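First comes the structure, then the notes that go with it.
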Amino acid sequence: MIAVDTNILVYAHRVESAWHDRAERAVRELAESAGPWAIPWPCVHEFLAIATHPRIFRTPTPIAAAIDQVDAWLESPSVVTLAEDDDYWAMLRTLIGQARLDGPRVHDARVAALCLSHTVSELWTADRDFSLFPSLRVRNPLVN
């Protein structure tokens with residue numbers, strides 16, 4: 001199962017992004033495929049925060065439109081949302097310790113722990129910080 005990180009979701013949504021066409025196509029192909037794909041809940045929260053943030057975008061996405069976008073992704077019959085389960089804390093603790101993380105990179109460890117505890121085969125992201133977690137296979141679908 002492939003999981004999608006926040007940056008890919010933002011690029012897929014924001015048409016002015018230089019990566020919009022590639023990201024939108026990648027997410028659409030996942031959403032229309034028969035196989036399961038995933039969005040970690042923290043990535044949904046972060047997408048809503050980034051897409052609607054007036055300091056990030058001159059014209060931020062109105063919150064209603066951002067919520068509609070999330071609804072559209074969640075309508076895909078093959079999407080799975082990733083939430084904390086019984087294995088999550090042990091995985092997060094291990095990742096934080098192995099990579100010696102603190103501060104904002106703990107969020108990336110959270111996403112990685114969710115993916116690993118749900119046996120995600122690959123995380124699609126443009127964020128190189130995920131290389132801190134060698135047990136998680138990552139790929140940038142925008143540069144292929």
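If you're wondering about the labels, chains in the structure tokens are A, B, ... by order shown, residues count from 1 in each chain, ligands from 1 in order shown.
DSSP annotation of chain A from backbone atoms: strand (DSSP E) residues are Ile2, Ala3, Val4, Trp37, Ala38, Ile39, Pro40, Val79, Val80, Thr81, Leu82, Glu122, Leu123, Trp124, Val138 and Arg139 of chain A.
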Can you list every residue of range 57-136 of chain A that has an atom at most 12 Å from range 19-25 of chain A, with its nearest atom pair and the distance in Å to one decimal, using only C-alpha atoms, ordered by chain then number, as a tab-separated table?
residue	atom	partner	partner_atom	distance
A:Gln69	CA	A:Glu24	CA	11.8
A:Trp73	CA	A:Glu24	CA	11.2
A:Trp124	CA	A:Ala23	CA	10.0
A:Thr125	CA	A:Ala23	CA	10.0
A:Ala126	CA	A:Ala23	CA	10.2
Atom-to-atom span, CA of Met91 in chain A and CA of Ser78 in chain A, Å: 25.3 Å
Residue with smallest distance to Arg28 in chain A - pool A:Ala12, A:Glu122, A:Leu101, A:Leu74, counting only C-alpha atoms: A:Ala12
query: Quick one: residues within 10 Å of Val138 in chain A, only C-alpha atoms counted, chain neighbours fewer than 5 positions away excluded, as a VMD selection string?
result: chain A and resid 2 to 4 112 121 to 128 130 to 131 133
- request: as a PyMOL selection string, list the residues of chain A assigned to helix (DSSP H, G or I) by DSSP on the backbone atoms of this structure.
  value: chain A and resi 6-13+20-32+41-51+63-74+88-99+105-117+128-132
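In this model, the gap between CA of Ile8 in chain A and CA of Val79 in chain A comes to 15.3 Å.
The closest residue to His45 in chain A, picked from A:Gly103, A:Ala26, A:Val111, A:Phe57 and counting only C-alpha atoms, is A:Val111.
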